[in-house]
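Q: File run.txt follows (compact mmCIF, C-alpha atoms):
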# COMPACT_ATOMS: atom_id res chain seq x y z
CA MET A 26 0.00 0.00 0.00
CA SER A 27 1.43 3.40 -0.96
CA ALA A 28 1.68 6.36 1.41
CA ARG A 29 -1.21 7.96 -0.50
CA ASP A 30 -3.34 4.84 0.01
CA TRP A 31 -2.54 4.82 3.74
CA LEU A 32 -3.55 8.48 4.00
CA ILE A 33 -6.81 7.84 2.19
CA ALA A 34 -7.53 4.76 4.34
CA GLY A 35 -6.68 6.74 7.49
CA GLY A 36 -8.94 9.60 6.41
CA LEU A 37 -11.78 7.20 5.71
CA TYR A 38 -11.27 5.57 9.10
CA VAL A 39 -11.34 8.96 10.89
CA ALA A 40 -14.50 9.88 8.97
CA ALA A 41 -16.02 6.52 9.91
CA ALA A 42 -15.11 7.09 13.57
CA ALA A 43 -16.82 10.49 13.49
CA ALA A 44 -19.91 8.95 11.90
CA MET A 45 -19.82 6.14 14.45
CA ALA A 46 -19.80 8.66 17.30
CA ALA A 47 -23.10 10.00 15.99
CA GLN A 48 -24.66 6.50 16.04
CA PRO A 49 -26.99 5.59 18.87
CA SER A 50 -25.53 3.02 21.23
CA VAL A 51 -26.82 -0.54 21.37
CA PRO A 52 -26.72 -3.07 24.20
CA VAL A 53 -23.87 -5.59 24.08
CA GLU A 54 -24.44 -9.19 25.16
CA ARG A 55 -20.81 -10.25 25.55
CA VAL A 56 -17.41 -8.53 25.64
CA ALA A 57 -13.96 -10.12 25.43
CA ILE A 58 -10.53 -8.57 24.92
CA GLU A 59 -8.36 -9.28 21.90
CA ASP A 60 -5.70 -6.72 22.85
CA GLY A 61 -5.38 -3.27 24.40
CA ASP A 62 -7.46 -1.54 21.71
CA THR A 63 -9.57 -4.32 20.19
CA LEU A 64 -12.68 -5.97 21.65
CA LEU A 65 -14.64 -9.05 20.63
CA VAL A 66 -18.31 -8.34 21.21
CA GLN A 67 -21.69 -9.86 20.54
CA VAL A 68 -24.61 -7.62 19.61
CA ALA A 69 -28.04 -9.13 18.88
CA GLY A 70 -26.44 -12.55 18.46
CA VAL A 71 -23.84 -11.33 15.94
CA ASP A 72 -20.10 -11.36 16.75
CA TYR A 73 -17.98 -8.30 15.91
CA ARG A 74 -14.29 -7.51 16.18
CA ILE A 75 -14.33 -3.90 17.44
CA GLN A 76 -11.39 -1.54 17.03
CA LEU A 77 -11.55 1.28 19.57
CA PRO A 78 -11.41 4.35 17.31
CA GLU A 79 -8.60 6.87 17.06
CA ILE A 80 -6.38 5.13 19.62
CA ASP A 81 -3.46 2.74 19.58
CA ALA A 82 -2.27 0.56 22.44
CA PRO A 83 0.93 -1.50 22.48
CA GLU A 84 0.66 -5.06 21.16
CA ASN A 85 0.42 -7.94 23.64
CA VAL A 86 1.21 -10.79 21.21
CA MET A 87 3.67 -11.28 18.38
CA ASN A 88 2.03 -10.04 15.19
CA PRO A 89 2.91 -7.86 12.17
CA LYS A 90 2.12 -4.62 14.08
CA LEU A 91 4.52 -5.62 16.86
CA GLN A 92 7.17 -6.41 14.24
CA ARG A 93 6.70 -2.90 12.78
CA ASP A 94 6.95 -1.43 16.30
CA VAL A 95 10.21 -3.35 16.88
CA ALA A 96 11.65 -2.05 13.61
CA ARG A 97 10.44 1.50 14.30
CA THR A 98 11.64 1.73 17.91
CA GLY A 99 14.82 -0.35 17.81
CA MET A 100 13.52 -2.19 20.89
CA THR A 101 13.07 -5.96 21.06
CA ALA A 102 9.71 -7.75 21.11
CA GLU A 103 10.61 -8.93 24.62
CA ASP A 104 10.95 -5.26 25.64
CA LEU A 105 7.68 -4.15 24.05
CA LEU A 106 5.35 -7.10 24.78
CA PRO A 107 5.04 -6.27 28.51
CA LEU A 108 3.64 -2.84 27.57
CA GLY A 109 0.89 -4.53 25.57
CA GLN A 110 0.22 -7.04 28.32
CA GLN A 111 -0.18 -4.21 30.84
CA ALA A 112 -2.47 -2.30 28.44
CA ALA A 113 -4.69 -5.36 27.92
CA GLU A 114 -4.84 -5.95 31.68
CA ALA A 115 -5.81 -2.30 32.27
CA LEU A 116 -8.54 -2.64 29.65
CA ARG A 117 -9.81 -5.79 31.41
CA ASP A 118 -9.91 -3.95 34.73
CA MET A 119 -11.63 -0.93 33.20
CA LEU A 120 -14.44 -2.89 31.54
CA SER A 121 -16.38 -3.39 34.76
CA SER A 122 -17.05 0.35 35.01
CA PHE A 123 -18.74 0.22 31.59
CA GLN A 124 -21.43 -2.32 32.58
CA PRO A 125 -24.08 -2.62 31.36
CA TYR A 126 -22.26 -2.50 28.04
CA HIS A 127 -23.43 -0.12 25.32
CA LEU A 128 -21.63 0.17 22.00
CA ALA A 129 -21.69 3.03 19.51
CA PHE A 130 -20.80 1.64 16.08
CA ASP A 131 -21.84 1.21 12.49
CA PRO A 132 -21.67 -2.52 11.70
CA ALA A 133 -21.30 -1.80 7.97
CA VAL A 134 -17.93 -0.01 8.39
CA LYS A 135 -14.67 -1.99 8.43
CA ASP A 136 -11.03 -0.91 8.69
CA ARG A 137 -8.22 -2.35 6.56
CA TYR A 138 -7.91 -5.30 8.99
CA GLY A 139 -11.62 -6.18 8.85
CA ARG A 140 -12.39 -4.70 12.28
CA THR A 141 -15.44 -2.53 12.92
CA PRO A 142 -14.69 0.82 14.58
CA GLY A 143 -16.76 1.23 17.72
CA ASP A 144 -16.58 2.38 21.31
CA LEU A 145 -18.15 1.35 24.58
CA LEU A 146 -19.90 4.14 26.45
CA ASP A 147 -20.18 4.44 30.20
CA ARG A 148 -23.32 5.76 31.92
CA ASP A 149 -22.12 9.35 31.42
CA GLY A 150 -21.44 8.79 27.70
CA THR A 151 -17.66 8.81 28.10
CA THR A 152 -15.90 6.46 25.70
CA LEU A 153 -13.65 3.58 26.66
CA SER A 154 -11.07 4.98 24.22
CA LEU A 155 -10.84 8.22 26.17
CA ARG A 156 -10.60 6.38 29.50
CA LEU A 157 -7.69 4.25 28.22
CA VAL A 158 -5.80 7.33 27.02
CA GLU A 159 -6.53 9.21 30.28
CA ALA A 160 -5.17 6.26 32.28
CA GLY A 161 -1.96 6.14 30.21
CA TYR A 162 -2.50 2.80 28.45
CA ALA A 163 -3.16 4.05 24.90
CA LEU A 164 -2.37 7.03 22.69
CA PRO A 165 -4.28 8.87 19.99
CA SER A 166 -3.44 7.03 16.77
CA HIS A 167 -3.31 10.21 14.70
CA PRO A 168 -2.76 13.10 17.17
CA ALA A 169 -2.49 15.82 14.55
CA ALA A 170 -5.61 14.74 12.68
CA THR A 171 -7.81 13.52 15.54
CA ARG A 172 -11.41 14.64 15.57
CA GLU A 173 -11.38 14.19 19.34
CA PRO A 174 -9.12 16.88 20.86
CA ALA A 175 -9.88 15.43 24.29
CA LEU A 176 -7.74 12.40 23.34
CA THR A 177 -4.68 14.57 22.72
CA ALA A 178 -5.22 16.51 25.96
CA ALA A 179 -5.72 13.25 27.88
CA ALA A 180 -2.53 11.76 26.42
CA ASP A 181 -0.52 14.86 27.35
CA ALA A 182 -1.88 14.78 30.92
CA ALA A 183 -1.23 11.03 31.32
CA ARG A 184 2.37 11.49 30.22
CA ALA A 185 2.91 14.56 32.44
CA ASP A 186 1.38 12.80 35.46
CA ALA A 187 3.22 9.50 34.78
CA ARG A 188 -0.03 7.53 34.66
CA GLY A 189 -0.28 3.96 33.48
CA LEU A 190 2.53 2.85 31.19
CA TRP A 191 4.15 6.29 31.47
CA GLY A 192 4.73 5.63 35.18
CA TRP A 193 5.45 1.90 34.92
CA ARG A 194 8.08 1.90 32.13
CA PRO A 195 8.52 5.48 30.87
CA ASP A 196 11.62 4.54 28.86
CA LEU A 197 9.77 1.88 26.87
CA MET A 198 6.66 4.01 26.56
CA ARG A 199 8.68 6.95 25.17
CA ALA A 200 10.28 4.62 22.60
CA TRP A 201 6.94 3.07 21.64
CA ALA A 202 5.13 6.46 21.48
CA ALA A 203 7.80 8.14 19.34
CA PRO A 204 6.72 8.78 15.75
CA ALA A 205 8.35 6.79 12.97
CA ARG A 206 11.53 8.38 11.71
Take the structure in this file and express it as structure tokens.
A:
Amino acid sequence: MSARDWLIAGGLYVAAAAAMAAQPSVPVERVAIEDGDTLLVQVAGVDYRIQLPEIDAPENVMNPKLQRDVARTGMTAEDLLPLGQQAAEALRDMLSSFQPYHLAFDPAVKDRYGRTPGDLLDRDGTTLSLRLVEAGYALPSHPAATREPALTAAADAARADARGLWGWRPDLMRAWAAPAR
């Protein structure tokens, strides 16, 4: 995929995330965790692989994204995997505060990996994506282009306050969070 194709795909994904935010939420029957920014959910008897929109969390298993992170950061997979494991554990712990589960999503939209962008909402309407960034376990995936300025502000505050991964392993988190050179 060319850089132009990635930009177009990214723009479409951001547009889809904005459209998804306008969707009414629906009750979720079952929630499981794939990784720190991907959920496996069941809605009305149908299974979905949900990508939390506009955020990225470190990988918790060896996969192509982790291999790109290794190449980008110069760190080893053994260095980076614990970040992803901590992010997935934080997501697991956070899920209880989102019960009963309600999901805002458009089931017809898919990203380049076949996931459906969507977000769990708590009783106040706050998204799980924002909570993960506030807690220091995820970052905005496209900070300069995000349609959710609260994500950028939350990421800056989490880093400044050494929350989550920023407090646990700031050296690894800085390496993982650094943009590609």
Q: How far is it from atom CA of Pro107 of chain A to atom CA of Val56 of chain A, in Å with one decimal?
A: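 Between atom CA of Pro107 of chain A and atom CA of Val56 of chain A the gap works out to 22.7 Å.
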Q: Find the residues around segment 139-143 of chain A up to 7 Å (only C-alpha atoms counted), leave out those fewer than 3 positions away in its own chain, and share them as a PyMOL selection string.
A: chain A and resi 42+45+73-78+128-130+132+134-136
Q: Quick check, in Å to one decimal: how far apart do atom CA of Arg97 of chain A and atom CA of Thr152 of chain A lie?
A: 29.1 Å
Q: Go through A:Val95, A:Ala133, A:Val158, A:Leu153 and flag the residue nearest Ala178 of chain A, using all atoms listed in the file for the distances.
A: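 Of A:Val95, A:Ala133, A:Val158, A:Leu153, the one nearest Ala178 of chain A, counting all atoms listed in the file, is A:Val158.
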Q: Please report the interatomic distance between atom CA of Ala203 of chain A and atom CA of Glu114 of chain A in Å with one decimal.
A: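 Between these atoms lies a distance of 22.6 Å.
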Q: Nearest to Gln124 of chain A: which of A:Tyr162, A:Asp60, A:Trp201, A:Asp147 is it, counting all atoms listed in the file?
A: A:Asp147
Q: Which protein, DNA or RNA residues are at most 10 Å from (-10.9, 8.9, 26.8) in the file's coordinates when you count only C-alpha atoms, listed as a list in words?
A: Ile80, Thr151, Thr152, Leu153, Ser154, Leu155, Arg156, Leu157, Val158, Glu159, Ala160, Gly161, Ala163, Leu164, Pro165, Glu173, Ala175, Leu176, Thr177, Ala178, Ala179 and Ala180 of chain A
